[in-house]
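Asker: Input file: my_file.txt. Contents: compact mmCIF, C-alpha atoms.
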# COMPACT_ATOMS: atom_id res chain seq x y z
CA MET C 147 146.57 40.92 112.13
CA THR C 148 143.55 42.24 110.29
CA PRO C 149 144.29 45.16 107.97
CA LEU C 150 143.00 48.57 109.02
CA SER C 151 139.75 49.48 107.22
CA ALA C 152 139.55 52.74 105.28
CA PRO C 153 137.03 54.37 107.67
CA ARG C 154 139.19 53.55 110.67
CA ALA C 155 142.30 54.83 108.93
CA LEU C 156 140.55 58.07 108.04
CA ALA C 157 139.27 58.40 111.60
CA GLY C 158 142.83 58.00 112.80
CA VAL C 159 144.08 60.69 110.45
CA ALA C 160 141.31 63.06 111.58
CA LEU C 161 142.14 62.34 115.23
CA VAL C 162 145.84 63.09 114.69
CA LEU C 163 145.10 66.33 112.80
CA GLY C 164 142.61 67.36 115.47
CA VAL C 165 145.03 66.76 118.33
CA LEU C 166 147.79 68.65 116.50
CA ALA C 167 145.35 71.53 115.90
CA ALA C 168 144.91 71.91 119.66
CA PHE C 169 148.61 72.77 119.92
CA ALA C 170 148.78 74.78 116.71
CA GLY C 171 146.92 77.77 118.15
CA GLY C 172 144.98 79.79 115.63
CA PRO C 173 144.50 79.11 111.95
CA GLY C 174 145.40 82.52 110.66
CA ARG C 175 148.42 84.66 110.26
CA GLU C 176 148.59 88.42 110.34
CA HIS C 177 147.41 89.64 106.97
CA PRO C 178 150.30 91.39 105.26
CA GLY C 179 149.28 94.87 104.31
CA ASP C 180 146.78 95.18 107.09
CA SER C 181 148.43 98.44 108.02
CA THR C 182 146.25 101.50 108.01
CA ALA C 183 145.83 103.05 104.59
CA SER C 184 147.52 106.39 104.23
CA THR C 185 144.74 108.85 103.45
CA PRO C 186 143.85 112.25 104.81
CA ALA C 187 140.95 110.71 106.70
CA THR C 188 143.34 108.20 108.23
CA ALA C 189 145.79 110.92 109.21
CA ALA C 190 142.98 112.86 110.87
CA ALA C 191 141.78 109.77 112.65
CA GLN C 192 145.26 108.96 113.81
CA ARG C 193 145.50 112.36 115.44
CA ASP C 194 142.38 111.41 117.42
CA ALA C 195 143.16 108.21 119.26
CA ASP C 196 139.45 107.55 119.80
CA ALA C 197 138.75 107.32 116.06
CA VAL C 198 139.12 104.44 113.63
CA THR C 199 138.77 104.69 109.88
CA ALA C 200 136.19 102.77 107.88
CA ILE C 201 139.00 100.81 106.19
CA ASP C 202 140.49 99.78 109.55
CA LEU C 203 137.09 98.71 110.80
CA ALA C 204 136.48 96.70 107.65
CA GLN C 205 139.82 94.92 108.09
CA TRP C 206 139.06 94.18 111.73
CA ILE C 207 135.66 92.72 110.85
CA ARG C 208 137.04 90.61 108.04
CA ALA C 209 139.88 89.35 110.21
CA ARG C 210 137.34 88.54 112.97
CA ARG C 211 139.35 90.50 115.50
CA PRO C 212 138.72 88.90 118.91
CA GLY C 213 136.55 90.93 121.22
CA LEU C 214 135.43 93.36 118.52
CA GLN C 215 132.04 94.94 119.21
CA VAL C 216 130.55 97.22 116.56
CA ILE C 217 127.69 99.31 117.92
CA ASP C 218 125.20 101.25 115.77
CA LEU C 219 123.73 104.19 117.67
CA ARG C 220 121.00 105.05 115.15
CA ALA C 221 117.28 104.35 115.47
CA ALA C 222 116.09 100.77 115.06
CA ASP C 223 114.40 101.38 111.71
CA GLN C 224 117.57 102.95 110.32
CA PHE C 225 119.55 99.99 111.65
CA GLY C 226 117.11 97.63 109.99
CA ASP C 227 117.52 99.38 106.65
CA TYR C 228 121.27 98.99 106.67
CA HIS C 229 124.08 98.55 109.15
CA VAL C 230 127.75 97.73 109.17
CA PRO C 231 128.09 93.92 109.06
CA SER C 232 128.31 92.38 112.53
CA ALA C 233 127.04 95.60 114.18
CA ARG C 234 124.55 95.60 117.06
CA ASN C 235 121.99 98.31 117.60
CA ALA C 236 121.90 100.60 120.63
CA PRO C 237 119.47 103.38 119.65
CA GLY C 238 120.20 106.68 121.35
CA ALA C 239 123.42 105.28 122.82
CA ALA C 240 121.48 103.00 125.19
CA LEU C 241 124.61 100.97 125.81
CA ASP C 242 123.61 99.59 129.20
CA SER C 243 121.43 96.94 127.57
CA LEU C 244 124.38 95.51 125.65
CA ARG C 245 126.76 92.98 127.13
CA ILE C 246 130.20 94.51 126.61
CA ALA C 247 133.32 93.31 128.37
CA VAL C 248 135.82 95.86 129.59
CA GLU C 249 138.55 94.32 127.47
CA ASP C 250 136.49 94.37 124.26
CA THR C 251 137.41 96.58 121.32
CA ILE C 252 134.32 98.74 120.88
CA VAL C 253 133.65 100.76 117.74
CA LEU C 254 130.61 103.05 117.83
CA TYR C 255 129.09 104.71 114.81
CA SER C 256 126.18 106.87 113.78
CA GLU C 257 125.34 108.77 110.60
CA SER C 258 128.29 111.07 111.26
CA SER C 259 131.08 111.18 113.83
CA ASP C 260 129.68 113.47 116.50
CA GLN C 261 127.27 111.30 118.46
CA ALA C 262 129.56 108.28 118.31
CA ALA C 263 132.58 110.34 119.37
CA ARG C 264 130.71 111.54 122.45
CA ALA C 265 129.59 107.99 123.27
CA ALA C 266 133.15 106.70 122.89
CA LYS C 267 134.43 109.37 125.30
CA LEU C 268 131.68 108.41 127.71
CA LEU C 269 132.64 104.73 127.57
CA ARG C 270 136.32 105.53 128.09
CA GLY C 271 135.32 107.53 131.13
CA ARG C 272 133.41 104.52 132.43
CA GLY C 273 136.49 102.35 132.24
CA TYR C 274 136.32 100.90 128.73
CA PRO C 275 139.81 101.79 127.50
CA ASP C 276 139.39 100.35 124.00
CA ALA C 277 136.31 102.34 122.94
CA HIS C 278 136.47 104.12 119.59
CA PHE C 279 134.19 105.78 117.09
CA LEU C 280 134.04 105.37 113.34
CA HIS C 281 135.58 108.47 111.77
CA GLY C 282 133.07 109.89 109.32
CA GLY C 283 130.27 107.64 110.54
CA LEU C 284 128.20 105.36 108.35
CA ALA C 285 128.64 107.77 105.43
CA ALA C 286 132.39 107.06 105.51
CA TRP C 287 131.74 103.32 105.57
CA ILE C 288 129.50 103.50 102.52
CA GLU C 289 131.89 105.80 100.67
CA GLN C 290 135.22 104.19 101.53
CA VAL C 291 134.33 100.50 101.94
CA MET C 292 131.20 99.95 99.87
CA ASN C 293 132.05 102.36 97.02
CA PRO C 294 135.79 103.05 96.79
CA ILE C 295 136.71 105.09 93.72
CA LEU C 296 139.95 105.24 91.72
CA ALA C 297 140.59 108.22 89.47
CA ASP C 298 141.94 107.40 86.01
CA ASP C 299 145.02 109.55 86.61
CA ALA C 300 145.93 107.77 89.84
CA SER C 301 149.56 106.99 90.56
CA PRO C 302 150.81 103.38 90.46
CA VAL C 303 150.98 103.40 94.27
CA ALA C 304 147.37 104.56 94.47
CA LYS C 305 146.35 101.89 91.96
CA ALA C 306 148.03 99.18 94.01
CA GLU C 307 146.34 100.46 97.14
CA PHE C 308 143.00 100.54 95.31
CA GLN C 309 143.37 96.85 94.37
CA ARG C 310 143.65 96.02 98.05
CA LEU C 311 140.67 98.23 98.91
CA ALA C 312 138.64 96.76 96.05
CA GLU C 313 139.14 93.24 97.40
CA LEU C 314 138.08 94.41 100.84
CA SER C 315 135.07 96.17 99.36
CA ARG C 316 133.91 93.10 97.46
CA TYR C 317 134.12 91.03 100.63
CA PHE C 318 131.39 93.24 102.07
CA GLY C 319 129.38 93.30 98.86
CA GLY C 320 130.64 96.71 97.80
CA VAL C 321 131.11 98.03 94.29
CA PRO C 322 134.57 99.48 93.72
CA ARG C 323 134.81 101.76 90.70
CA ALA C 324 137.96 102.50 88.74
CA GLY C 325 138.59 104.87 85.86
CA VAL C 326 136.61 107.83 87.17
CA ALA C 327 137.75 110.83 85.13
CA ALA C 328 140.03 113.17 87.05
CA GLY C 329 138.45 116.52 87.88
CA ARG C 330 134.95 115.23 87.28
CA PRO C 331 132.80 114.90 90.38
CA PRO C 332 132.18 111.23 91.07
CA ALA C 333 128.70 109.84 90.57
CA PRO C 334 126.48 110.13 93.63
CA ALA C 335 127.39 107.57 96.24
CA THR C 336 125.29 104.42 96.30
CA SER C 337 122.28 104.97 98.50
CA VAL C 338 121.71 102.95 101.66
CA PRO C 339 118.83 100.92 100.11
CA ASP C 340 121.09 99.98 97.17
CA ALA C 341 123.76 98.82 99.58
CA VAL C 342 121.16 96.70 101.36
CA VAL C 343 120.07 95.07 98.10
CA ARG C 344 123.69 94.13 97.31
CA LEU C 345 124.27 92.72 100.76
CA ARG C 346 121.15 90.56 100.48
CA GLY C 347 122.69 88.91 97.43
CA ARG C 348 125.31 87.19 99.56
CA GLY C 349 125.09 83.85 101.24
CA CYS C 350 123.25 80.68 100.30
CA MET X 78 151.65 83.61 100.98
CA SER X 79 148.18 82.27 100.21
CA LEU X 80 147.50 80.52 96.94
CA PRO X 81 146.48 83.18 94.39
CA LEU X 82 143.30 81.39 93.42
CA ASP X 83 141.70 84.58 92.16
CA SER X 84 144.43 84.87 89.55
CA TYR X 85 143.94 81.27 88.44
CA PHE X 86 140.17 81.57 88.14
CA THR X 87 138.38 84.69 87.01
CA GLY X 88 134.76 85.45 86.24
CA GLY X 89 133.35 82.64 84.12
CA GLN X 90 136.15 80.25 85.11
CA ALA X 91 135.18 80.64 88.76
CA LEU X 92 131.56 79.83 87.87
CA ALA X 93 132.74 76.75 85.99
CA VAL X 94 134.68 75.64 89.05
CA ALA X 95 131.58 76.24 91.18
CA LEU X 96 129.55 74.09 88.75
CA ALA X 97 132.12 71.30 88.95
CA ILE X 98 132.08 71.43 92.76
CA GLY X 99 128.29 71.34 92.73
CA VAL X 100 128.22 68.30 90.46
CA ALA X 101 130.78 66.57 92.68
CA PHE X 102 128.67 67.38 95.74
CA GLY X 103 125.56 65.92 94.14
CA TRP X 104 127.49 62.82 93.08
CA ALA X 105 128.82 62.33 96.61
CA LEU X 106 125.31 62.69 98.07
CA GLU X 107 123.90 60.16 95.60
CA ARG X 108 126.68 57.64 96.14
CA SER X 109 126.13 57.98 99.90
CA GLY X 110 122.53 56.91 99.36
CA LEU X 111 121.10 60.27 100.35
CA GLY X 112 118.94 60.43 97.23
CA SER X 113 116.57 57.96 98.91
CA ALA X 114 113.81 59.38 101.10
CA ARG X 115 113.68 56.15 103.11
CA LYS X 116 117.31 56.50 104.13
CA LEU X 117 116.85 60.18 105.00
CA VAL X 118 113.74 59.63 107.08
CA GLY X 119 115.57 56.88 108.94
CA GLN X 120 117.61 59.67 110.52
CA PHE X 121 114.52 60.99 112.29
CA TYR X 122 113.44 57.52 113.45
CA LEU X 123 117.02 56.68 114.48
CA THR X 124 117.02 53.52 112.39
CA ASP X 125 119.56 54.72 109.83
CA LEU X 126 122.02 57.45 110.84
CA THR X 127 123.74 57.73 107.46
CA VAL X 128 122.76 61.42 107.17
CA PHE X 129 124.47 62.19 110.47
CA LYS X 130 127.59 60.24 109.54
CA VAL X 131 127.94 61.63 106.01
CA LEU X 132 127.31 65.26 106.90
CA PHE X 133 129.38 65.27 110.07
CA THR X 134 132.22 63.65 108.08
CA ALA X 135 131.94 66.48 105.56
CA ILE X 136 131.99 69.07 108.35
CA VAL X 137 135.10 67.58 109.95
CA THR X 138 136.87 67.25 106.59
CA ALA X 139 136.14 70.87 105.64
CA MET X 140 137.04 72.12 109.10
CA LEU X 141 140.40 70.32 109.20
CA GLY X 142 141.10 71.30 105.60
CA THR X 143 140.47 75.01 106.09
CA PHE X 144 142.24 75.10 109.47
CA TRP X 145 145.42 73.45 108.26
CA LEU X 146 145.50 75.19 104.87
CA ALA X 147 145.20 78.50 106.72
CA ARG X 148 147.78 77.46 109.30
CA LEU X 149 150.22 76.57 106.53
CA GLY X 150 149.59 79.94 104.91
CA LEU X 151 147.99 78.52 101.77
CA LEU X 152 144.51 79.87 102.50
CA ASP X 153 143.62 83.37 103.68
CA LEU X 154 140.83 82.59 106.13
CA SER X 155 139.82 86.23 106.35
CA ARG X 156 138.60 85.93 102.75
CA VAL X 157 136.12 83.21 103.65
CA TYR X 158 132.72 84.77 104.17
CA VAL X 159 130.91 83.84 107.38
CA PRO X 160 127.23 84.87 107.61
CA GLU X 161 125.96 86.84 110.58
CA THR X 162 124.03 85.07 113.32
CA HIS X 163 120.39 86.08 113.80
CA LEU X 164 119.51 83.81 116.70
CA VAL X 165 115.72 83.54 116.82
CA PRO X 166 115.08 83.87 113.05
CA GLN X 167 117.64 81.17 112.28
CA LEU X 168 116.31 78.86 115.01
CA THR X 169 112.82 79.35 113.58
CA GLY X 170 114.08 78.67 110.06
CA GLY X 171 115.81 75.53 111.28
CA LEU X 172 112.59 74.24 112.83
CA VAL X 173 110.65 74.94 109.63
CA PHE X 174 113.38 73.23 107.62
CA GLY X 175 113.37 70.22 109.93
CA ALA X 176 109.60 69.85 109.80
CA GLY X 177 109.67 69.99 106.00
CA PHE X 178 112.55 67.53 105.87
CA ALA X 179 110.71 65.02 108.05
CA LEU X 180 107.46 65.42 106.12
CA ALA X 181 108.99 65.20 102.65
CA GLY X 182 111.76 62.79 103.48
CA LEU X 183 114.09 64.99 101.44
CA CYS X 184 115.88 68.30 101.94
CA PRO X 185 116.53 70.86 99.18
CA GLY X 186 119.86 69.37 98.10
CA THR X 187 118.81 65.73 98.24
CA SER X 188 115.54 66.52 96.45
CA CYS X 189 117.64 67.70 93.50
CA VAL X 190 119.75 64.54 93.76
CA ALA X 191 116.63 62.38 93.83
CA ALA X 192 115.08 64.26 90.92
CA ALA X 193 118.30 63.87 88.94
CA THR X 194 118.18 60.10 89.45
CA GLY X 195 114.63 59.94 88.13
CA ARG X 196 112.68 59.79 91.39
CA ILE X 197 109.28 61.44 91.06
CA ASP X 198 109.10 62.27 94.78
CA GLY X 199 112.38 64.16 94.41
CA ALA X 200 111.03 66.18 91.52
CA LEU X 201 107.86 67.05 93.41
CA VAL X 202 109.77 68.10 96.53
CA ALA X 203 112.09 70.23 94.40
CA ILE X 204 109.06 71.91 92.78
CA GLY X 205 107.52 72.43 96.21
CA MET X 206 110.77 73.95 97.43
CA LEU X 207 110.78 76.42 94.54
CA CYS X 208 107.16 77.33 95.29
CA GLY X 209 108.15 77.96 98.90
CA VAL X 210 111.04 80.15 97.79
CA LEU X 211 108.68 82.15 95.57
CA ALA X 212 106.12 82.57 98.36
CA THR X 213 108.87 83.65 100.75
CA GLY X 214 110.15 86.24 98.33
CA LEU X 215 106.72 87.66 97.58
CA SER X 216 105.79 87.97 101.26
CA PHE X 217 109.22 89.05 102.50
CA THR X 218 108.38 92.69 103.25
CA SER X 219 105.74 91.64 105.77
CA TRP X 220 108.17 89.71 107.99
CA ARG X 221 111.44 91.40 107.14
CA ASP X 222 111.74 92.96 110.62
CA PHE X 223 111.70 89.48 112.17
CA TYR X 224 114.22 88.25 109.58
CA ASP X 225 116.64 91.02 110.57
CA SER X 226 116.13 90.76 114.33
CA GLY X 227 118.51 89.36 116.91
CA ASN X 228 121.69 90.14 115.02
CA ARG X 229 124.70 88.86 116.95
CA GLY X 230 127.20 89.66 114.23
CA THR X 231 129.61 87.08 112.89
CA TRP X 232 129.63 84.58 115.73
CA THR X 233 131.98 81.61 115.72
CA LEU X 234 132.41 78.77 118.21
CA PRO X 235 135.87 79.96 119.38
CA GLU X 236 134.37 83.38 120.15
CA LEU X 237 131.35 81.87 121.90
CA LEU X 238 133.41 79.47 124.00
CA HIS X 239 136.40 81.82 124.48
CA LEU X 240 138.74 79.04 123.42
CA PRO X 241 141.55 79.01 120.86
CA TYR X 242 140.57 77.91 117.36
CA GLY X 243 142.76 74.81 117.50
CA VAL X 244 141.19 73.61 120.72
CA VAL X 245 137.70 73.96 119.23
CA VAL X 246 138.85 72.02 116.16
CA ALA X 247 140.18 69.21 118.37
CA GLY X 248 136.94 69.21 120.34
CA VAL X 249 134.77 68.96 117.25
CA VAL X 250 136.87 66.06 115.92
CA ALA X 251 136.56 64.23 119.23
CA LEU X 252 132.81 64.91 119.27
CA ALA X 253 132.46 63.59 115.73
CA LEU X 254 134.36 60.37 116.42
CA ALA X 255 132.36 59.76 119.58
CA GLY X 256 129.19 60.53 117.65
CA PHE X 257 130.02 58.00 114.95
CA ARG X 258 130.58 55.30 117.60
CA ALA X 259 127.28 56.20 119.25
CA ALA X 260 125.50 56.18 115.88
CA GLU X 261 126.67 52.65 115.15
CA TRP X 262 125.48 51.54 118.59
CA VAL X 263 122.05 53.12 118.02
CA GLU X 264 121.72 51.48 114.59
CA ARG X 265 122.62 48.06 115.98
CA ARG X 266 119.97 48.38 118.65
CA SER X 267 117.19 49.51 116.27
Please render this file's structure as structure tokens.

Answerer:
Amino acid sequence: MTPLSAPRALAGVALVLGVLAAFAGGPGREHPGDSTASTPATAAAQRDADAVTAIDLAQWIRARRPGLQVIDLRAADQFGDYHVPSARNAPGAALDSLRIAVEDTIVLYSESSDQAARAAKLLRGRGYPDAHFLHGGLAAWIEQVMNPILADDASPVAKAEFQRLAELSRYFGGVPRAGVAAGRPPAPATSVPDAVVRLRGRGC
Amino acid sequence: MSLPLDSYFTGGQALAVALAIGVAFGWALERSGLGSARKLVGQFYLTDLTVFKVLFTAIVTAMLGTFWLARLGLLDLSRVYVPETHLVPQLTGGLVFGAGFALAGLCPGTSCVAAATGRIDGALVAIGMLCGVLATGLSFTSWRDFYDSGNRGTWTLPELLHLPYGVVVAGVVALALAGFRAAEWVERRS
């Protein structure tokens, strides 16, 4: 009996691992600590079932939540300047041109909450039960995800929470800042063009 | 709990690890013979399918590795960055890349491998590649709208096919093994 060659042995190992993968389901596990951060914005959003926070949205995008559709309602040139990663553009809430399944999780956003909140209500009325809007709009995304800030007098709990947020922020190319002096107004938030420049640094 | 790699490697250490991985990648390409333009061009003429076999082997190895490491809880897959899909721009870029690859007989990575092993054609292709990168950067504002168009978000095969991850993994493995058999048949006939 001729001995098995290395390529054939490796092919056999790959075949076994591939077949086992078919029965293993998904590769991931629920990320511990994916629970919604406890902030005033979160509490407000939780009172409004249509709203999601920027942190929640960031976690959903990073976890590649199945069926997630992020829709940017701003004009095309604004979308081109910067948009939430994985978002699609529907200027003026022209949602009919987008292919959205009824069971999809839809998150709409604009510069602020108002237009997106109205669009989310409209979609729910049309039979899309999982339609939401980004609480605080794109401004909240830039502030909370791209530029999270930790005051230098923060509690240990807040510091631990900030570490988690900082990791999430860096995933999206954000710049978390720690050690901001308490009582001093934080530096102006990073502008949209700056956020675009940082995002363009990613990838190969 | 996933392996705390970011506590093992920080800042400069992570760059050193990246350098080591890059050197290992170049070594593997060279040992596979992919520093030779003749071997690479053989892929397009279907006389030598080494490129297909080496790269598809790498894809399957990485895919099985990341799937099972994540499944065993050693790797947090959500921390692996996946670029967004821009359909038409990326198809166009692929065509341009393919045309350049066929013309030069080398791609960006293998041109560096060839240059490192003393091949003049590799050095010239690498210089040409850098000139192309420079020209792209200088002219970027004029075609940036096209570059950003057709954004489909982060789009993976399981999402596209509406199949579980594991089933897609099994399918890709089966496709690869069938492809390797077919490649050997094509090479024997040529």

Asker: Please identify all polymer residues within 12 Å of Ala247 in chain C, counting all atoms listed in the file, omitting same-chain residues fewer than 6 positions from it, and present them as an MDAnalysis selection string.

Answerer: chainID C and resid 212:215 241 269 272:277

Asker: Restrict the distance test to all atoms listed in the file, flag each residue of chain C within 8 Å of chain X, and return the flagged residues as JSON, numbers by chain.

Answerer: {"C": [157, 160, 161, 163, 164, 165, 166, 167, 168, 169, 170, 171, 172, 173, 174, 175, 208, 209, 210, 212, 213, 226, 231, 232, 233, 234, 317, 349]}

Asker: Which polymer residues have any atom within 10 Å of an atom of Arg196 in chain X, counting all atoms listed in the file, with same-chain residues fewer than 5 positions away left out, as number ranges by chain?

Answerer: X: 112-114, 188-191, 201

Asker: Measure the distance from CA of Val230 in chain C to CA of Gln205 in chain C in Å and round it to one decimal.

Answerer: 12.4 Å

Asker: So what do you get for CA of Gly182 in chain X versus CA of Cys208 in chain X, distance-wise?

Answerer: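 Going from CA of Gly182 in chain X over to CA of Cys208 in chain X, I get 17.3 Å.
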
Asker: May I ask for the distance between CA of Tyr228 in chain C and CA of Phe318 in chain C, given in Å to one decimal place?

Answerer: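 Computing it gives 12.5 Å between the two atoms.
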
Asker: For Arg245 in chain C, which residue among C:Ser151, C:Lys305, C:Trp287, C:Ile217 is the nearest when counting only C-alpha atoms?

Answerer: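 When distances to Arg245 in chain C are compared using only C-alpha atoms, the smallest one comes from C:Ile217.
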
Asker: Quick one: residues within 9 Å of Arg220 in chain C, only C-alpha atoms, excluding same-chain residues fewer than 4 positions away - as a ChimeraX atom specification?

Answerer: /C:224-225,235-239,255-257
